[in-house]
$ cat model25.txt   # compact mmCIF, N, CA and C atoms
# COMPACT_ATOMS: atom_id res chain seq x y z
N MET A 1042 97.44 109.92 82.66
CA MET A 1042 96.13 109.34 82.87
C MET A 1042 96.25 107.82 82.91
N VAL A 1043 95.55 107.22 83.83
CA VAL A 1043 95.56 105.77 83.96
C VAL A 1043 94.25 105.23 83.41
N GLU A 1044 94.35 104.23 82.56
CA GLU A 1044 93.15 103.61 82.01
C GLU A 1044 92.95 102.26 82.66
N ILE A 1045 91.70 101.99 83.05
CA ILE A 1045 91.36 100.73 83.69
C ILE A 1045 90.22 100.10 82.90
N SER A 1046 90.34 98.83 82.61
CA SER A 1046 89.30 98.15 81.84
C SER A 1046 88.03 97.99 82.67
N ARG A 1047 86.92 97.82 81.98
CA ARG A 1047 85.64 97.60 82.68
C ARG A 1047 85.71 96.36 83.55
N GLY A 1048 86.35 95.33 83.03
CA GLY A 1048 86.47 94.08 83.79
C GLY A 1048 87.23 94.27 85.08
N ALA A 1049 88.33 95.05 85.01
CA ALA A 1049 89.13 95.30 86.21
C ALA A 1049 88.33 96.09 87.24
N VAL A 1050 87.58 97.07 86.78
CA VAL A 1050 86.74 97.86 87.70
C VAL A 1050 85.68 96.97 88.32
N SER A 1051 85.07 96.13 87.50
CA SER A 1051 84.03 95.24 88.00
C SER A 1051 84.58 94.29 89.07
N ARG A 1052 85.75 93.72 88.83
CA ARG A 1052 86.37 92.83 89.82
C ARG A 1052 86.70 93.58 91.10
N LEU A 1053 87.25 94.77 90.96
CA LEU A 1053 87.61 95.56 92.14
C LEU A 1053 86.37 95.90 92.96
N VAL A 1054 85.31 96.34 92.30
CA VAL A 1054 84.07 96.66 93.02
C VAL A 1054 83.50 95.41 93.67
N GLY A 1055 83.59 94.28 92.98
CA GLY A 1055 83.12 93.02 93.56
C GLY A 1055 83.88 92.66 94.82
N GLN A 1056 85.20 92.84 94.79
CA GLN A 1056 86.02 92.55 95.98
C GLN A 1056 85.67 93.50 97.12
N MET A 1057 85.50 94.78 96.79
CA MET A 1057 85.15 95.76 97.83
C MET A 1057 83.78 95.46 98.41
N SER A 1058 82.86 95.05 97.56
CA SER A 1058 81.51 94.72 98.01
C SER A 1058 81.55 93.49 98.92
N ALA A 1059 82.34 92.48 98.54
CA ALA A 1059 82.44 91.26 99.35
C ALA A 1059 83.02 91.56 100.74
N ARG A 1060 83.85 92.56 100.83
CA ARG A 1060 84.43 92.95 102.12
C ARG A 1060 83.51 93.89 102.91
N GLY A 1061 82.42 94.28 102.29
CA GLY A 1061 81.49 95.18 102.97
C GLY A 1061 81.93 96.63 102.92
N TRP A 1062 82.80 96.97 101.98
CA TRP A 1062 83.34 98.32 101.89
C TRP A 1062 82.53 99.23 100.98
N VAL A 1063 81.70 98.67 100.13
CA VAL A 1063 80.95 99.49 99.19
C VAL A 1063 79.53 98.95 99.07
N GLY A 1064 78.60 99.88 98.95
CA GLY A 1064 77.21 99.52 98.72
C GLY A 1064 76.81 99.95 97.33
N ARG A 1065 75.89 99.22 96.73
CA ARG A 1065 75.43 99.52 95.37
C ARG A 1065 73.95 99.86 95.40
N ALA A 1066 73.57 100.77 94.53
CA ALA A 1066 72.16 101.13 94.36
C ALA A 1066 71.94 101.48 92.89
N PRO A 1067 70.74 101.28 92.38
CA PRO A 1067 70.48 101.65 91.00
C PRO A 1067 70.63 103.16 90.81
N ALA A 1068 71.17 103.55 89.67
CA ALA A 1068 71.30 104.97 89.36
C ALA A 1068 69.90 105.54 89.16
N PRO A 1069 69.62 106.71 89.74
CA PRO A 1069 68.26 107.25 89.69
C PRO A 1069 67.76 107.57 88.28
N ARG A 1070 68.63 108.00 87.39
CA ARG A 1070 68.17 108.42 86.05
C ARG A 1070 68.64 107.52 84.92
N ASP A 1071 69.31 106.42 85.27
CA ASP A 1071 69.86 105.55 84.24
C ASP A 1071 69.63 104.11 84.66
N GLY A 1072 68.74 103.44 84.00
CA GLY A 1072 68.39 102.07 84.37
C GLY A 1072 69.56 101.11 84.32
N ARG A 1073 70.58 101.41 83.53
CA ARG A 1073 71.73 100.52 83.43
C ARG A 1073 72.81 100.88 84.45
N GLY A 1074 72.74 102.07 85.00
CA GLY A 1074 73.80 102.55 85.89
C GLY A 1074 73.68 102.06 87.31
N VAL A 1075 74.79 102.17 88.01
CA VAL A 1075 74.84 101.79 89.43
C VAL A 1075 75.56 102.91 90.17
N VAL A 1076 75.04 103.26 91.33
CA VAL A 1076 75.69 104.23 92.20
C VAL A 1076 76.41 103.45 93.29
N LEU A 1077 77.69 103.75 93.45
CA LEU A 1077 78.50 103.10 94.47
C LEU A 1077 78.79 104.08 95.59
N ARG A 1078 78.70 103.61 96.82
CA ARG A 1078 79.02 104.45 97.98
C ARG A 1078 79.82 103.64 98.97
N LEU A 1079 80.83 104.28 99.55
CA LEU A 1079 81.57 103.61 100.61
C LEU A 1079 80.67 103.43 101.82
N THR A 1080 80.74 102.26 102.40
CA THR A 1080 80.04 102.00 103.65
C THR A 1080 80.90 102.58 104.78
N PRO A 1081 80.36 102.64 106.00
CA PRO A 1081 81.20 103.08 107.12
C PRO A 1081 82.48 102.25 107.23
N SER A 1082 82.38 100.94 106.99
CA SER A 1082 83.56 100.08 107.02
C SER A 1082 84.53 100.46 105.90
N GLY A 1083 84.00 100.78 104.72
CA GLY A 1083 84.83 101.21 103.60
C GLY A 1083 85.50 102.54 103.88
N GLN A 1084 84.79 103.43 104.54
CA GLN A 1084 85.37 104.72 104.90
C GLN A 1084 86.53 104.54 105.87
N ARG A 1085 86.35 103.63 106.85
CA ARG A 1085 87.43 103.35 107.80
C ARG A 1085 88.64 102.74 107.07
N ALA A 1086 88.37 101.82 106.14
CA ALA A 1086 89.46 101.19 105.39
C ALA A 1086 90.21 102.24 104.57
N ALA A 1087 89.47 103.16 103.95
CA ALA A 1087 90.10 104.23 103.16
C ALA A 1087 90.92 105.15 104.06
N GLN A 1088 90.40 105.47 105.23
CA GLN A 1088 91.15 106.31 106.18
C GLN A 1088 92.41 105.61 106.66
N ASN A 1089 92.30 104.31 106.94
CA ASN A 1089 93.47 103.54 107.38
C ASN A 1089 94.53 103.50 106.28
N LEU A 1090 94.10 103.30 105.05
CA LEU A 1090 95.02 103.28 103.92
C LEU A 1090 95.71 104.64 103.75
N ALA A 1091 94.93 105.71 103.84
CA ALA A 1091 95.50 107.06 103.70
C ALA A 1091 96.51 107.33 104.81
N GLU A 1092 96.20 106.92 106.03
CA GLU A 1092 97.12 107.14 107.15
C GLU A 1092 98.40 106.32 106.96
N ALA A 1093 98.27 105.08 106.54
CA ALA A 1093 99.45 104.24 106.30
C ALA A 1093 100.31 104.85 105.19
N ARG A 1094 99.67 105.37 104.17
CA ARG A 1094 100.41 106.00 103.07
C ARG A 1094 101.12 107.26 103.56
N ARG A 1095 100.45 108.08 104.38
CA ARG A 1095 101.09 109.28 104.94
C ARG A 1095 102.31 108.91 105.78
N GLU A 1096 102.15 107.89 106.62
CA GLU A 1096 103.27 107.46 107.46
C GLU A 1096 104.44 106.95 106.62
N ARG A 1097 104.13 106.20 105.57
CA ARG A 1097 105.20 105.68 104.71
C ARG A 1097 105.95 106.81 104.02
N PHE A 1098 105.21 107.77 103.46
CA PHE A 1098 105.86 108.90 102.79
C PHE A 1098 106.63 109.76 103.78
N SER A 1099 106.13 109.87 105.00
CA SER A 1099 106.84 110.63 106.01
C SER A 1099 108.18 109.97 106.34
N ARG A 1100 108.15 108.64 106.50
CA ARG A 1100 109.41 107.92 106.75
C ARG A 1100 110.37 108.07 105.57
N LEU A 1101 109.83 107.97 104.36
CA LEU A 1101 110.66 108.10 103.17
C LEU A 1101 111.29 109.48 103.11
N LEU A 1102 110.48 110.51 103.33
CA LEU A 1102 110.99 111.88 103.27
C LEU A 1102 112.03 112.12 104.37
N SER A 1103 111.80 111.56 105.56
CA SER A 1103 112.75 111.78 106.64
C SER A 1103 114.09 111.09 106.37
N SER A 1104 114.11 110.12 105.46
CA SER A 1104 115.37 109.45 105.12
C SER A 1104 116.20 110.26 104.12
N ILE A 1105 115.60 111.30 103.54
CA ILE A 1105 116.31 112.17 102.61
C ILE A 1105 116.98 113.27 103.43
N PRO A 1106 118.26 113.51 103.20
CA PRO A 1106 118.93 114.57 103.98
C PRO A 1106 118.17 115.90 103.88
N ALA A 1107 118.09 116.59 105.01
CA ALA A 1107 117.30 117.83 105.10
C ALA A 1107 117.68 118.84 104.02
N HIS A 1108 118.96 118.97 103.72
CA HIS A 1108 119.38 119.97 102.73
C HIS A 1108 118.98 119.59 101.30
N GLU A 1109 118.52 118.35 101.07
CA GLU A 1109 118.10 117.92 99.74
C GLU A 1109 116.58 117.84 99.59
N ARG A 1110 115.85 117.98 100.68
CA ARG A 1110 114.39 117.81 100.64
C ARG A 1110 113.68 118.84 99.77
N ALA A 1111 114.19 120.05 99.74
CA ALA A 1111 113.52 121.11 98.97
C ALA A 1111 113.43 120.77 97.48
N GLY A 1112 114.35 119.98 96.98
CA GLY A 1112 114.35 119.63 95.56
C GLY A 1112 113.46 118.45 95.21
N VAL A 1113 112.94 117.76 96.20
CA VAL A 1113 112.14 116.56 95.96
C VAL A 1113 110.87 116.86 95.16
N PRO A 1114 110.06 117.86 95.52
CA PRO A 1114 108.83 118.11 94.74
C PRO A 1114 109.13 118.40 93.26
N GLN A 1115 110.15 119.18 92.99
CA GLN A 1115 110.49 119.48 91.60
C GLN A 1115 110.93 118.21 90.87
N ALA A 1116 111.73 117.39 91.52
CA ALA A 1116 112.17 116.14 90.90
C ALA A 1116 110.98 115.24 90.60
N LEU A 1117 110.02 115.18 91.51
CA LEU A 1117 108.83 114.37 91.28
C LEU A 1117 108.01 114.90 90.11
N ASP A 1118 107.91 116.23 89.98
CA ASP A 1118 107.21 116.82 88.84
C ASP A 1118 107.85 116.39 87.53
N VAL A 1119 109.18 116.41 87.48
CA VAL A 1119 109.90 116.02 86.27
C VAL A 1119 109.63 114.55 85.95
N ILE A 1120 109.64 113.71 86.98
CA ILE A 1120 109.38 112.27 86.77
C ILE A 1120 107.96 112.06 86.25
N VAL A 1121 106.99 112.74 86.84
CA VAL A 1121 105.60 112.59 86.41
C VAL A 1121 105.43 113.05 84.96
N GLU A 1122 106.03 114.17 84.60
CA GLU A 1122 105.97 114.64 83.21
C GLU A 1122 106.56 113.61 82.26
N ALA A 1123 107.72 113.07 82.60
CA ALA A 1123 108.35 112.06 81.75
C ALA A 1123 107.48 110.82 81.64
N TRP A 1124 106.87 110.43 82.74
CA TRP A 1124 105.98 109.25 82.74
C TRP A 1124 104.79 109.50 81.81
N ASP A 1125 104.17 110.67 81.93
CA ASP A 1125 103.01 111.00 81.11
C ASP A 1125 103.36 111.00 79.62
N GLU A 1126 104.54 111.47 79.28
CA GLU A 1126 104.96 111.48 77.88
C GLU A 1126 105.15 110.07 77.34
N GLU A 1127 105.54 109.14 78.19
CA GLU A 1127 105.73 107.75 77.77
C GLU A 1127 104.40 107.05 77.50
N GLN A 1128 103.37 107.50 78.15
CA GLN A 1128 102.06 106.83 78.03
C GLN A 1128 101.41 107.19 76.78
$ encode --input "model25.txt" --output "structure tokens"
Amino acid sequence: MVEISRGAVSRLVGQMSARGWVGRAPAPRDGRGVVLRLTPSGQRAAQNLAEARRERFSRLLSSIPAHERAGVPQALDVIVEAWDEEQ
């Protein structure tokens, strides 16, 4: 699990808002809350990021010899478990 401070979230949302990627509205049932929604521009940015990430992982996977690729998911599971135990 990754923990992010309120300040970090606030800065990130501020940056996304300044870029026109997110819109804010008051939460309907909580006067202190805010509802965040991706704008069409934010949706495009998220899609572009996802596509770039897919392409990068595809290139990475293609650089692993074919006979070793089957073991990659299991190795990643072991790494994630070890990481989680460290946290």
$ atom_distance --input "model25.txt" --atom1 "atom C of Arg1073 of chain A" --atom2 "atom CA of Val1050 of chain A"
14.6 Å
$ select_by_dssp --input "model25.txt" --residues "chain A" --states "strand (DSSP E or B)" --output "PyMOL selection string"
chain A and resi 1063-1067+1075-1079
$ write_last_selection --input "model25.txt" --atoms "N, CA and C atoms" --output "PDB file, in the frame of the given file"
ATOM      1  N   VAL A1063      81.700  98.670 100.130  1.00  0.00           N
ATOM      2  CA  VAL A1063      80.950  99.490  99.190  1.00  0.00           C
ATOM      3  C   VAL A1063      79.530  98.950  99.070  1.00  0.00           C
ATOM      4  N   GLY A1064      78.600  99.880  98.950  1.00  0.00           N
ATOM      5  CA  GLY A1064      77.210  99.520  98.720  1.00  0.00           C
ATOM      6  C   GLY A1064      76.810  99.950  97.330  1.00  0.00           C
ATOM      7  N   ARG A1065      75.890  99.220  96.730  1.00  0.00           N
ATOM      8  CA  ARG A1065      75.430  99.520  95.370  1.00  0.00           C
ATOM      9  C   ARG A1065      73.950  99.860  95.400  1.00  0.00           C
ATOM     10  N   ALA A1066      73.570 100.770  94.530  1.00  0.00           N
ATOM     11  CA  ALA A1066      72.160 101.130  94.360  1.00  0.00           C
ATOM     12  C   ALA A1066      71.940 101.480  92.890  1.00  0.00           C
ATOM     13  N   PRO A1067      70.740 101.280  92.380  1.00  0.00           N
ATOM     14  CA  PRO A1067      70.480 101.650  91.000  1.00  0.00           C
ATOM     15  C   PRO A1067      70.630 103.160  90.810  1.00  0.00           C
ATOM     16  N   VAL A1075      74.790 102.170  88.010  1.00  0.00           N
ATOM     17  CA  VAL A1075      74.840 101.790  89.430  1.00  0.00           C
ATOM     18  C   VAL A1075      75.560 102.910  90.170  1.00  0.00           C
ATOM     19  N   VAL A1076      75.040 103.260  91.330  1.00  0.00           N
ATOM     20  CA  VAL A1076      75.690 104.230  92.200  1.00  0.00           C
ATOM     21  C   VAL A1076      76.410 103.450  93.290  1.00  0.00           C
ATOM     22  N   LEU A1077      77.690 103.750  93.450  1.00  0.00           N
ATOM     23  CA  LEU A1077      78.500 103.100  94.470  1.00  0.00           C
ATOM     24  C   LEU A1077      78.790 104.080  95.590  1.00  0.00           C
ATOM     25  N   ARG A1078      78.700 103.610  96.820  1.00  0.00           N
ATOM     26  CA  ARG A1078      79.020 104.450  97.980  1.00  0.00           C
ATOM     27  C   ARG A1078      79.820 103.640  98.970  1.00  0.00           C
ATOM     28  N   LEU A1079      80.830 104.280  99.550  1.00  0.00           N
ATOM     29  CA  LEU A1079      81.570 103.610 100.610  1.00  0.00           C
ATOM     30  C   LEU A1079      80.670 103.430 101.820  1.00  0.00           C
TER      31      LEU A1079
END
$ select_by_dssp --input "model25.txt" --residues "segment 1058-1112 of chain A" --states "alpha helix (DSSP H)" --output "list in words"
Ser1058, Ala1059, Pro1081, Ser1082, Gly1083, Gln1084, Arg1085, Ala1086, Ala1087, Gln1088, Asn1089, Leu1090, Ala1091, Glu1092, Ala1093, Arg1094, Arg1095, Glu1096, Arg1097, Phe1098, Ser1099, Arg1100, Leu1101, Leu1102 and Ser1103 of chain A
$ residues_around --input "model25.txt" --residues "segment 1060-1065 of chain A" --least-positions-apart "4" --cutoff "12 Å" --atoms "only C-alpha atoms" --output "count of residues only"
20
$ atom_distance --input "model25.txt" --atom1 "atom CA of Ser1058 of chain A" --atom2 "atom CA of Ile1045 of chain A"
18.4 Å
$ atom_distance --input "model25.txt" --atom1 "atom C of Phe1098 of chain A" --atom2 "atom CA of Gly1112 of chain A"
15.0 Å
$ axis_aligned_box --input "model25.txt" --around "segment 1080-1090 of chain A" --padding-each-side "8 Å" --output "AutoDock Vina command-line options"
--center_x 87.9 --center_y 103.2 --center_z 105.1 --size_x 31.7 --size_y 22.2 --size_z 21.4
$ build_atoms --input "model25.txt" --residues "segment 1058-1069 of chain A" --atoms "all heavy atoms" --output "CSV table (one decimal), in the frame of the given file"
chain,number,residue,atom,x,y,z
A,1058,SER,N,82.9,95.0,97.6
A,1058,SER,CA,81.5,94.7,98.0
A,1058,SER,C,81.6,93.5,98.9
A,1058,SER,O,80.9,93.5,100.0
A,1058,SER,CB,80.6,94.5,96.8
A,1058,SER,OG,79.3,94.2,97.2
A,1059,ALA,N,82.3,92.5,98.5
A,1059,ALA,CA,82.4,91.3,99.4
A,1059,ALA,C,83.0,91.6,100.7
A,1059,ALA,O,82.7,90.9,101.7
A,1059,ALA,CB,83.3,90.2,98.6
A,1060,ARG,N,83.8,92.6,100.8
A,1060,ARG,CA,84.4,93.0,102.1
A,1060,ARG,C,83.5,93.9,102.9
A,1060,ARG,O,83.8,94.3,104.0
A,1060,ARG,CB,85.8,93.6,101.9
A,1060,ARG,CG,86.8,92.7,101.4
A,1060,ARG,CD,88.1,93.4,101.2
A,1060,ARG,NE,89.2,92.4,100.8
A,1060,ARG,CZ,90.3,92.7,100.3
A,1060,ARG,NH1,90.6,94.0,100.0
A,1060,ARG,NH2,91.2,91.8,100.0
A,1061,GLY,N,82.4,94.3,102.3
A,1061,GLY,CA,81.5,95.2,103.0
A,1061,GLY,C,81.9,96.6,102.9
A,1061,GLY,O,81.5,97.4,103.7
A,1062,TRP,N,82.8,97.0,102.0
A,1062,TRP,CA,83.3,98.3,101.9
A,1062,TRP,C,82.5,99.2,101.0
A,1062,TRP,O,82.7,100.5,101.0
A,1062,TRP,CB,84.8,98.3,101.4
A,1062,TRP,CG,85.7,97.7,102.4
A,1062,TRP,CD1,85.5,97.4,103.7
A,1062,TRP,CD2,87.1,97.4,102.1
A,1062,TRP,NE1,86.7,96.8,104.2
A,1062,TRP,CE2,87.7,96.9,103.3
A,1062,TRP,CE3,87.9,97.5,101.0
A,1062,TRP,CZ2,89.0,96.4,103.4
A,1062,TRP,CZ3,89.2,97.1,101.1
A,1062,TRP,CH2,89.8,96.6,102.3
A,1063,VAL,N,81.7,98.7,100.1
A,1063,VAL,CA,81.0,99.5,99.2
A,1063,VAL,C,79.5,99.0,99.1
A,1063,VAL,O,79.3,97.8,99.2
A,1063,VAL,CB,81.7,99.5,97.8
A,1063,VAL,CG1,81.6,98.2,97.1
A,1063,VAL,CG2,81.1,100.6,96.9
A,1064,GLY,N,78.6,99.9,99.0
A,1064,GLY,CA,77.2,99.5,98.7
A,1064,GLY,C,76.8,100.0,97.3
A,1064,GLY,O,77.3,100.9,96.8
A,1065,ARG,N,75.9,99.2,96.7
A,1065,ARG,CA,75.4,99.5,95.4
A,1065,ARG,C,74.0,99.9,95.4
A,1065,ARG,O,73.2,99.3,96.2
A,1065,ARG,CB,75.6,98.3,94.5
A,1065,ARG,CG,77.0,97.8,94.4
A,1065,ARG,CD,77.0,96.5,93.5
A,1065,ARG,NE,78.2,95.8,93.6
A,1065,ARG,CZ,78.8,95.1,92.7
A,1065,ARG,NH1,78.1,95.0,91.5
A,1065,ARG,NH2,79.9,94.5,92.8
A,1066,ALA,N,73.6,100.8,94.5
A,1066,ALA,CA,72.2,101.1,94.4
A,1066,ALA,C,71.9,101.5,92.9
A,1066,ALA,O,72.9,101.9,92.2
A,1066,ALA,CB,71.8,102.3,95.2
A,1067,PRO,N,70.7,101.3,92.4
A,1067,PRO,CA,70.5,101.6,91.0
A,1067,PRO,C,70.6,103.2,90.8
A,1067,PRO,O,70.3,103.9,91.7
A,1067,PRO,CB,69.0,101.2,90.8
A,1067,PRO,CG,68.7,100.4,91.9
A,1067,PRO,CD,69.6,100.7,93.0
A,1068,ALA,N,71.2,103.6,89.7
A,1068,ALA,CA,71.3,105.0,89.4
A,1068,ALA,C,69.9,105.5,89.2
A,1068,ALA,O,69.1,104.9,88.5
A,1068,ALA,CB,72.1,105.2,88.1
A,1069,PRO,N,69.6,106.7,89.7
A,1069,PRO,CA,68.3,107.2,89.7
A,1069,PRO,C,67.8,107.6,88.3
A,1069,PRO,O,66.6,107.4,88.0
A,1069,PRO,CB,68.3,108.5,90.5
A,1069,PRO,CG,69.7,108.8,90.8
A,1069,PRO,CD,70.5,107.5,90.5
